[in-house]
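Shown next: upload.csv, containing CSV, C-alpha atoms.
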chain,number,residue,atom,x,y,z
A,9,MET,CA,-14.1,15.2,24.4
A,10,ALA,CA,-15.6,12.4,22.2
A,11,ARG,CA,-14.6,8.9,23.1
A,12,ALA,CA,-14.3,5.7,21.0
A,13,ILE,CA,-13.8,2.0,21.5
A,14,ALA,CA,-11.4,0.6,19.0
A,15,LEU,CA,-11.0,-3.1,18.0
A,16,LEU,CA,-7.2,-3.7,18.0
A,17,SER,CA,-5.6,-6.8,16.7
A,18,GLY,CA,-2.1,-5.5,17.0
A,19,GLY,CA,-1.6,-5.5,13.3
A,20,LEU,CA,-0.9,-2.6,11.0
A,21,ASP,CA,-4.5,-1.8,9.9
A,22,SER,CA,-6.1,-1.7,13.3
A,23,THR,CA,-3.2,0.3,14.7
A,24,LEU,CA,-3.5,2.9,11.9
A,25,ALA,CA,-7.2,3.2,12.5
A,26,VAL,CA,-6.6,4.0,16.2
A,27,LEU,CA,-3.9,6.6,15.3
A,28,THR,CA,-6.1,8.2,12.7
A,29,VAL,CA,-8.8,8.8,15.3
A,30,LEU,CA,-6.4,9.8,18.0
A,31,LYS,CA,-5.1,12.5,15.6
A,32,GLN,CA,-8.5,14.1,15.7
A,33,GLY,CA,-8.4,14.5,19.5
A,34,ILE,CA,-10.6,11.5,20.3
A,35,ASP,CA,-10.1,9.6,23.5
A,36,VAL,CA,-9.6,6.0,22.4
A,37,THR,CA,-9.8,2.8,24.5
A,38,ALA,CA,-8.7,-0.2,22.5
A,39,VAL,CA,-9.9,-3.7,23.1
A,40,THR,CA,-8.2,-6.9,21.9
A,41,PHE,CA,-10.3,-10.0,21.7
A,42,LEU,CA,-8.7,-13.3,22.4
A,43,THR,CA,-9.9,-16.7,21.1
A,44,HIS,CA,-8.6,-20.2,21.3
A,45,PHE,CA,-7.8,-19.9,17.6
A,46,GLY,CA,-5.6,-16.9,17.4
A,47,CYS,CA,-2.1,-15.8,18.5
A,48,ASP,CA,-1.6,-16.3,22.3
A,49,ILE,CA,-0.1,-13.1,23.4
A,50,SER,CA,1.1,-14.7,26.6
A,51,ASP,CA,3.3,-17.0,24.5
A,52,SER,CA,6.5,-15.2,23.6
A,53,SER,CA,7.4,-18.0,21.2
A,54,SER,CA,4.5,-17.1,18.9
A,55,CYS,CA,4.0,-13.4,19.5
A,56,SER,CA,6.0,-10.3,20.3
A,57,LYS,CA,7.0,-9.9,24.0
A,58,ASN,CA,5.2,-6.5,23.8
A,59,PRO,CA,2.2,-7.2,21.5
A,60,PHE,CA,1.0,-3.6,21.6
A,61,PRO,CA,4.1,-1.3,21.1
A,62,ALA,CA,2.0,1.4,19.6
A,63,ALA,CA,-0.2,1.7,22.7
A,64,GLU,CA,2.9,2.5,24.8
A,65,LYS,CA,4.4,4.9,22.2
A,66,PHE,CA,1.2,6.8,21.4
A,67,GLY,CA,-0.4,6.6,24.8
A,68,PHE,CA,-3.7,4.8,24.6
A,69,GLU,CA,-5.1,2.0,26.8
A,70,VAL,CA,-5.6,-1.6,25.7
A,71,LYS,CA,-8.1,-3.9,27.4
A,72,LEU,CA,-8.1,-7.7,26.8
A,73,CYS,CA,-11.3,-9.7,26.4
A,74,HIS,CA,-11.4,-13.5,25.9
A,75,LEU,CA,-14.4,-14.6,23.9
A,76,ALA,CA,-13.9,-18.3,25.0
A,77,ASP,CA,-16.9,-20.5,24.5
A,78,LYS,CA,-18.9,-17.8,22.8
A,79,PHE,CA,-16.5,-17.9,19.9
A,80,THR,CA,-16.2,-21.7,19.8
A,81,GLY,CA,-20.0,-21.9,19.4
A,82,ILE,CA,-20.0,-19.8,16.2
A,83,VAL,CA,-17.1,-21.8,14.8
A,84,LYS,CA,-19.2,-24.9,15.1
A,85,ASN,CA,-22.4,-23.4,13.5
A,86,PRO,CA,-22.0,-19.9,12.1
A,87,LYS,CA,-25.2,-18.2,10.9
A,88,HIS,CA,-23.4,-16.6,7.9
A,89,GLY,CA,-21.3,-19.7,7.1
A,90,HIS,CA,-17.6,-20.4,7.0
A,91,GLY,CA,-15.1,-18.9,4.7
A,92,LYS,CA,-12.7,-20.9,2.6
A,93,ASN,CA,-11.7,-23.0,5.7
A,94,MET,CA,-13.2,-23.0,9.2
A,95,ASN,CA,-13.3,-19.2,9.5
A,96,PRO,CA,-16.7,-17.7,10.5
A,97,CYS,CA,-15.6,-14.2,9.6
A,98,ILE,CA,-18.9,-12.4,9.5
A,99,ASP,CA,-20.2,-14.0,12.7
A,100,CYS,CA,-16.9,-13.4,14.3
A,101,ARG,CA,-17.1,-9.7,13.5
A,102,ILE,CA,-20.6,-9.5,14.8
A,103,LEU,CA,-19.7,-11.1,18.1
A,104,MET,CA,-16.7,-8.8,18.6
A,105,LEU,CA,-18.8,-5.7,17.8
A,106,ARG,CA,-21.5,-6.8,20.3
A,107,GLU,CA,-18.9,-7.2,23.0
A,108,ALA,CA,-17.4,-3.8,22.1
A,109,LYS,CA,-20.9,-2.3,22.2
A,110,GLU,CA,-21.2,-3.4,25.9
A,111,LEU,CA,-17.8,-1.8,26.6
A,112,MET,CA,-19.0,1.4,24.8
A,113,SER,CA,-22.0,1.5,27.0
A,114,MET,CA,-20.0,0.9,30.2
A,115,LEU,CA,-17.4,3.7,29.4
A,116,GLY,CA,-19.9,6.1,27.9
A,117,ALA,CA,-18.1,6.1,24.5
A,118,ASP,CA,-19.7,7.6,21.4
A,119,PHE,CA,-18.7,5.1,18.6
A,120,ILE,CA,-16.7,2.0,17.6
A,121,VAL,CA,-13.5,2.1,15.4
A,122,THR,CA,-12.2,-0.9,13.4
A,123,GLY,CA,-9.2,-1.3,11.1
A,124,GLU,CA,-11.2,-3.0,8.3
A,125,VAL,CA,-10.3,-2.1,4.7
A,126,LEU,CA,-12.9,-2.3,1.9
A,127,GLY,CA,-12.2,-5.3,-0.3
A,128,GLN,CA,-9.2,-6.6,1.7
A,129,ARG,CA,-10.9,-9.8,2.8
A,130,PRO,CA,-13.4,-11.6,0.5
A,131,MET,CA,-16.0,-12.6,3.1
A,132,SER,CA,-16.3,-9.9,5.8
A,133,GLN,CA,-14.8,-6.7,4.3
A,134,ARG,CA,-17.2,-6.1,1.4
A,135,ARG,CA,-19.4,-3.2,0.8
A,136,ASP,CA,-22.5,-5.3,1.3
A,137,SER,CA,-21.2,-7.1,4.4
A,138,PHE,CA,-20.5,-4.0,6.5
A,139,PRO,CA,-24.1,-2.9,6.9
A,140,VAL,CA,-25.2,-6.5,7.8
A,141,ILE,CA,-22.5,-6.8,10.4
A,142,ASP,CA,-23.2,-3.4,11.9
A,143,ARG,CA,-27.0,-4.0,12.0
A,144,GLU,CA,-26.8,-7.4,13.6
A,145,ALA,CA,-24.4,-6.1,16.2
A,146,GLY,CA,-26.9,-3.4,17.1
A,147,LEU,CA,-24.5,-0.7,15.9
A,148,ALA,CA,-25.9,0.6,12.6
A,149,GLY,CA,-24.3,3.9,11.9
A,150,TYR,CA,-21.9,3.8,14.9
A,151,VAL,CA,-19.0,1.8,13.4
A,152,VAL,CA,-16.3,3.9,11.9
A,153,ARG,CA,-13.7,2.4,9.5
A,154,PRO,CA,-11.2,5.2,9.3
A,155,LEU,CA,-9.0,3.5,6.6
A,156,SER,CA,-11.9,3.3,4.1
A,157,ALA,CA,-14.4,5.8,5.5
A,158,LYS,CA,-14.4,8.1,2.4
A,159,LEU,CA,-15.6,5.1,0.3
A,160,LEU,CA,-18.4,4.2,2.7
A,161,LYS,CA,-21.6,5.8,3.9
A,162,VAL,CA,-21.3,8.7,6.3
A,163,THR,CA,-21.6,7.5,9.9
A,164,ILE,CA,-23.4,9.1,12.8
A,165,PRO,CA,-20.2,10.3,14.5
A,166,GLU,CA,-19.3,12.2,11.3
A,167,GLN,CA,-22.8,13.6,11.0
A,168,LYS,CA,-22.5,14.9,14.6
A,169,GLY,CA,-19.2,16.5,13.9
A,170,LEU,CA,-17.3,14.2,16.2
A,171,LEU,CA,-15.0,13.3,13.3
A,172,ASN,CA,-13.8,15.3,10.4
A,173,ARG,CA,-14.4,13.1,7.3
A,174,ASP,CA,-11.7,15.0,5.3
A,175,LEU,CA,-9.1,13.6,7.7
A,176,LEU,CA,-10.2,10.0,7.2
A,177,HIS,CA,-9.0,7.8,4.4
A,178,GLY,CA,-10.2,6.0,1.2
A,179,PHE,CA,-8.1,2.8,1.1
A,180,ALA,CA,-9.4,-0.3,-0.7
A,181,GLY,CA,-8.1,-3.6,-1.8
A,182,ARG,CA,-5.3,-5.9,-0.7
A,183,SER,CA,-2.3,-3.7,-1.3
A,184,ARG,CA,-0.5,-2.5,1.9
A,185,LYS,CA,1.3,0.3,0.2
A,186,PRO,CA,-1.1,3.0,1.3
A,187,GLN,CA,-1.0,1.8,4.9
A,188,MET,CA,2.8,1.6,4.9
A,189,ALA,CA,2.9,5.2,3.6
A,190,LEU,CA,0.5,6.3,6.3
A,191,ALA,CA,2.6,4.5,8.9
A,192,GLU,CA,5.6,6.4,7.9
A,193,GLU,CA,3.7,9.6,8.0
A,194,LEU,CA,2.5,8.9,11.5
A,195,ARG,CA,5.9,7.6,12.6
A,196,LEU,CA,4.6,4.2,13.3
A,197,THR,CA,7.7,1.9,12.9
A,198,ASP,CA,7.0,-1.2,15.0
A,199,TYR,CA,4.3,-3.3,13.4
A,200,PRO,CA,4.2,-6.9,12.3
A,201,ALA,CA,4.6,-8.2,8.8
A,202,PRO,CA,1.3,-9.3,7.2
A,203,ALA,CA,0.3,-12.8,8.3
A,204,GLY,CA,-2.8,-14.9,9.0
A,205,GLY,CA,-3.3,-14.4,12.7
A,206,CYS,CA,-6.4,-16.6,12.8
A,207,LEU,CA,-5.7,-20.3,12.7
A,208,LEU,CA,-9.1,-20.9,11.3
A,209,THR,CA,-8.0,-19.5,7.9
A,210,GLU,CA,-5.2,-22.1,7.7
A,211,PRO,CA,-6.1,-25.2,5.7
A,212,ASN,CA,-4.2,-27.8,7.8
A,213,TYR,CA,-5.4,-26.5,11.2
A,214,SER,CA,-9.0,-26.2,9.9
A,215,TYR,CA,-8.9,-29.7,8.6
A,216,ARG,CA,-7.8,-31.0,12.0
A,217,LEU,CA,-10.4,-28.9,13.8
A,218,LYS,CA,-13.3,-30.2,11.5
A,219,GLU,CA,-12.1,-33.8,12.0
A,220,LEU,CA,-12.0,-33.3,15.8
A,221,LEU,CA,-15.5,-31.8,15.9
A,222,ASP,CA,-16.8,-34.6,13.8
A,223,HIS,CA,-15.7,-37.1,16.4
A,224,LYS,CA,-15.9,-34.9,19.5
A,225,PRO,CA,-18.5,-32.1,19.2
A,226,ASP,CA,-17.6,-30.6,22.6
A,227,PRO,CA,-13.8,-30.6,22.7
A,228,SER,CA,-11.9,-29.5,25.8
A,229,LEU,CA,-9.5,-26.5,25.8
A,230,ASN,CA,-6.6,-29.0,25.8
A,231,ASP,CA,-8.0,-30.7,22.7
A,232,LEU,CA,-8.0,-27.3,20.9
A,233,HIS,CA,-4.5,-26.4,22.0
A,234,LEU,CA,-3.2,-29.8,20.8
A,235,LEU,CA,-4.4,-29.1,17.3
A,236,ARG,CA,-1.5,-26.8,16.9
A,237,LEU,CA,1.1,-29.4,17.7
A,238,GLY,CA,2.7,-32.5,16.2
A,239,ARG,CA,1.4,-35.2,13.8
A,240,HIS,CA,-2.2,-36.4,14.4
A,241,PHE,CA,-3.6,-40.0,14.0
A,242,ARG,CA,-7.2,-41.2,14.3
A,243,LEU,CA,-6.9,-44.8,15.6
A,244,SER,CA,-10.7,-45.2,16.2
A,245,PRO,CA,-13.7,-42.9,16.3
A,246,GLU,CA,-13.0,-42.3,20.0
A,247,CYS,CA,-9.2,-42.6,20.1
A,248,LYS,CA,-6.5,-40.3,18.8
A,249,ALA,CA,-2.7,-40.2,18.9
A,250,ILE,CA,-0.5,-37.1,18.7
A,251,VAL,CA,3.3,-37.3,18.0
A,252,GLY,CA,5.7,-34.5,18.8
A,253,ARG,CA,8.1,-33.3,16.1
A,254,ASP,CA,10.8,-31.8,18.3
A,255,GLU,CA,11.7,-31.3,21.9
A,256,GLU,CA,9.5,-28.2,22.4
A,257,GLU,CA,6.5,-30.0,21.0
A,258,ASN,CA,7.2,-33.0,23.1
A,259,ASN,CA,7.2,-30.8,26.2
A,260,ARG,CA,4.0,-29.0,25.3
A,261,ILE,CA,2.2,-32.2,24.4
A,262,GLU,CA,3.1,-33.7,27.7
A,263,ALA,CA,1.8,-30.6,29.5
A,264,PHE,CA,-1.6,-30.9,27.8
A,265,ALA,CA,-2.0,-34.6,28.6
A,266,GLY,CA,-5.1,-35.4,30.6
A,267,ARG,CA,-5.2,-37.7,33.6
A,268,ASP,CA,-6.5,-40.6,31.6
A,269,SER,CA,-4.2,-40.1,28.6
A,270,PHE,CA,-1.2,-42.4,27.8
A,271,LEU,CA,2.2,-40.9,27.2
A,272,MET,CA,4.8,-43.0,25.2
A,273,ARG,CA,8.4,-42.7,24.1
A,274,VAL,CA,11.4,-44.9,23.3
A,275,GLU,CA,14.1,-44.8,25.9
A,276,ASP,CA,17.8,-44.2,25.3
A,277,VAL,CA,17.4,-43.0,21.7
A,278,GLY,CA,16.0,-39.9,20.1
A,279,SER,CA,12.3,-40.2,20.4
A,280,PRO,CA,9.1,-38.2,20.1
A,281,THR,CA,6.6,-38.0,22.9
A,282,LEU,CA,3.3,-39.6,21.8
A,283,LEU,CA,0.0,-38.7,23.5
A,284,LEU,CA,-2.9,-41.2,23.2
A,285,SER,CA,-6.3,-39.9,24.3
A,286,GLY,CA,-9.9,-41.1,24.2
A,287,GLU,CA,-11.5,-44.4,24.8
A,288,ASP,CA,-8.8,-46.9,23.9
A,289,SER,CA,-8.4,-50.6,23.7
A,290,GLY,CA,-5.3,-52.8,23.8
A,291,GLU,CA,-5.2,-52.6,20.0
A,292,GLN,CA,-5.1,-48.8,19.9
A,293,ILE,CA,-2.3,-48.8,22.6
A,294,HIS,CA,-0.3,-51.2,20.5
A,295,HIS,CA,-0.9,-49.2,17.3
A,296,ALA,CA,0.1,-46.0,19.1
A,297,ALA,CA,3.3,-47.6,20.4
A,298,SER,CA,4.2,-48.7,16.8
A,299,ILE,CA,3.7,-45.1,15.6
A,300,CYS,CA,6.0,-43.8,18.4
A,301,ALA,CA,8.6,-46.3,17.4
A,302,ARG,CA,8.3,-45.3,13.7
A,303,TYR,CA,9.2,-41.7,14.5
A,304,SER,CA,12.1,-42.6,16.9
A,305,ASP,CA,15.7,-43.1,16.0
A,306,ALA,CA,15.1,-46.8,16.5
A,307,LYS,CA,12.7,-47.0,13.5
A,308,HIS,CA,15.0,-49.3,11.5
A,309,LEU,CA,15.1,-52.0,14.1
A,310,PRO,CA,12.8,-55.0,13.7
A,311,GLU,CA,11.4,-54.5,17.2
A,312,VAL,CA,11.4,-51.5,19.5
A,313,GLU,CA,10.7,-51.3,23.2
A,314,VAL,CA,8.3,-48.4,23.9
A,315,ARG,CA,7.8,-47.0,27.4
A,316,VAL,CA,4.2,-46.3,28.3
A,317,ARG,CA,3.0,-44.1,31.2
A,318,ARG,CA,-0.5,-43.4,32.5
A,319,GLN,CA,-0.5,-41.2,35.6
A,320,ASP,CA,2.0,-43.0,37.9
A,321,ASN,CA,1.9,-46.4,36.2
A,322,PHE,CA,4.7,-47.4,33.8
A,323,TYR,CA,5.1,-50.5,31.6
A,324,SER,CA,6.8,-51.4,28.3
A,325,LEU,CA,5.6,-52.8,25.0
A,326,LEU,CA,7.7,-54.5,22.4
A,327,VAL,CA,6.4,-53.5,18.9
A,328,ARG,CA,7.4,-53.4,15.3
A,329,PRO,CA,7.7,-49.8,14.0
A,330,ALA,CA,4.7,-48.8,11.9
A,331,ASP,CA,5.3,-48.9,8.1
A,332,HIS,CA,4.5,-46.2,5.6
A,333,ALA,CA,1.1,-47.8,4.6
A,334,PHE,CA,0.0,-47.9,8.3
A,335,ILE,CA,1.0,-44.2,8.8
A,336,GLU,CA,-0.9,-43.1,5.7
A,337,THR,CA,-4.0,-45.0,6.7
A,338,TYR,CA,-4.4,-43.4,10.1
A,339,ARG,CA,-2.8,-40.0,9.7
A,340,ILE,CA,-5.1,-37.0,9.9
A,341,GLU,CA,-4.0,-34.9,7.1
A,342,ASN,CA,-5.5,-32.5,4.5
A,343,ARG,CA,-4.5,-34.5,1.4
A,344,LYS,CA,-5.2,-31.7,-1.0
A,345,THR,CA,-2.8,-29.3,0.8
A,346,SER,CA,-0.2,-32.1,1.2
A,347,ASP,CA,-0.4,-33.0,-2.5
A,348,ARG,CA,0.0,-29.4,-3.5
A,349,LYS,CA,3.1,-29.1,-1.3
A,350,LYS,CA,4.6,-32.3,-2.7
A,351,ASN,CA,4.0,-31.1,-6.3
A,352,LYS,CA,5.6,-27.7,-5.5
A,353,ASP,CA,8.6,-29.4,-3.8
A,354,HIS,CA,9.0,-31.7,-6.8
A,355,ALA,CA,8.9,-28.8,-9.2
A,356,LEU,CA,11.6,-27.0,-7.2
A,357,LEU,CA,13.8,-30.1,-7.3
A,358,LYS,CA,13.4,-30.3,-11.1
A,359,ALA,CA,14.3,-26.7,-11.5
Turn this file's structure into structure tokens for me.
Amino acid sequence: MARAIALLSGGLDSTLAVLTVLKQGIDVTAVTFLTHFGCDISDSSSCSKNPFPAAEKFGFEVKLCHLADKFTGIVKNPKHGHGKNMNPCIDCRILMLREAKELMSMLGADFIVTGEVLGQRPMSQRRDSFPVIDREAGLAGYVVRPLSAKLLKVTIPEQKGLLNRDLLHGFAGRSRKPQMALAEELRLTDYPAPAGGCLLTEPNYSYRLKELLDHKPDPSLNDLHLLRLGRHFRLSPECKAIVGRDEEENNRIEAFAGRDSFLMRVEDVGSPTLLLSGEDSGEQIHHAASICARYSDAKHLPEVEVRVRRQDNFYSLLVRPADHAFIETYRIENRKTSDRKKNKDHALLKA
């Protein structure tokens, strides 16, 4: 029996690719690659409690592989460049295929399967991109894209008779209608709605990441986790403040605090948790306290007492809540995206 390694994101396309190959009697082992910039499948608040329902229903194995620092390296300096935001799509695909190639060798598999659809993504899913990606991954001729196979060059597994090309598909473009029809045919009912699973394609997150790398070229894992949370303020080249927007974010921000970080909040009223990290001075601590006061329920008072904690040491600061001009000066924000949102909201109000 022929054997394949399939790249499985958990989305509709990659799942359909696996099922299409399974239907031809191929033994499939799927691998899901995790990064610091994707959906954390251990976090039930952001992902399904069962991220791979199709594996259980249709009976194939899923292995997990975390790319960790290998992926962070290509985000900083991708050979083939970034996409519209911080997404290094071509280099990302090459890295995943190289890792899959190692698994293919370990398990004695015959080829690799991906759920890519020709023309669906502007950077990595182009007719001219596929050969470059496969060649640089050392897999020229051995990557099968079942959803678009009839529109692409015949692969080695097809030439060897391991796959029947007539049973593969010829999907192209961004429409999901062909995939949804195929899902119905294959009785695949549990799959996620289309969404950007990679944070690097999101403008606001990408802006924060670029700003972080400009000031801290080797960020910690906690630094990367914190990019997803709260409001961010750059108080100096070395010092940054992050303010929670709700109780859940407050708890998560506190959990990611380092030993040398400051945590602040206003006691006895509704208050965010503020995390101050980096090389600070008394001035930055005072500025951070005023930001914390600004987002608390005491923001209308002339002065607010802010509780400051560093490890087991506590003290209080009496500060004036930051005004709008101060917030706008120090906030880390993608102004273009923010302006577009404000214009859209204004248009909706006028309508």
Would you mind listing what lies within 12 Å of Leu190 in chain A as JSON, numbers by chain, with all atoms listed in the file counted and same-chain residues fewer than 2 positions away left out?
{"A": [20, 21, 23, 24, 25, 27, 28, 155, 176, 177, 178, 179, 184, 185, 186, 187, 188, 192, 193, 194, 195, 196, 197]}
CA of Phe138 in chain A to CA of Arg11 in chain A: how many Å, to one decimal?
21.8 Å
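Restricting the calculation to all atoms listed in the file, the smallest distance between Ala145 in chain A and any of A:Ile102, A:Asp174, A:Ala191, A:Glu246 is found for A:Ile102.
Separating CA of Gly181 in chain A from CA of Ile120 in chain A is a distance of 21.9 Å.
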Quick one: residues within 12 Å of Asp136 in chain A, all atoms listed in the file, excluding same-chain residues fewer than 5 positions away - as an NGL selection string?
:A and (98 or 126-127 or 130-131 or 141-143 or 160-161)
Using only C-alpha atoms, which protein or nucleic acid residues come within 10 Å of Lys65 in chain A? Drop anything in the same chain fewer than 3 positions from it, and give the result as a VMD selection string.
chain A and resid 60 to 62 68 196 198
Those residues with C-alpha atoms, as a CSV table (one decimal), in the frame of the given file please?
chain,number,residue,atom,x,y,z
A,60,PHE,CA,1.0,-3.6,21.6
A,61,PRO,CA,4.1,-1.3,21.1
A,62,ALA,CA,2.0,1.4,19.6
A,68,PHE,CA,-3.7,4.8,24.6
A,196,LEU,CA,4.6,4.2,13.3
A,198,ASP,CA,7.0,-1.2,15.0
For Asn93 in chain A, work out the shell of residues within 8 Å, counting only C-alpha atoms and skipping chain neighbours fewer than 5 positions away, then give it as a ChimeraX atom specification.
/A:208-211,214-215
May I have the protein, DNA and RNA residues with any atom at most 7 Å from the point (1.0, -41.5, 12.3), counting only C-alpha atoms, written as a PyMOL selection string?
chain A and resi 239-241+299+335+338-339
Please return as JSON, numbers by chain every residue within 10 Å of (10.0, -46.9, 22.5), taking into account all atoms listed in the file and the file's own coordinates.
{"A": [272, 273, 274, 275, 276, 277, 278, 279, 280, 281, 282, 297, 298, 299, 300, 301, 302, 303, 304, 305, 306, 307, 311, 312, 313, 314, 315, 316, 324, 325, 326, 327, 329]}
Expressed in Å to a single decimal, how great is the separation between CA of Arg343 in chain A and CA of Lys92 in chain A?
15.9 Å
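With all atoms listed in the file as the atoms that count, the minimum distance from Leu232 in chain A to the choices A:Met114, A:Ala76, A:Val39, A:Ala63 is reached by A:Ala76.
The shortest atom-to-atom distance to Ile293 in chain A, with all atoms listed in the file taken into account, belongs to A:Ser269 out of A:Asn85, A:Thr37, A:Ser22, A:Ser269.
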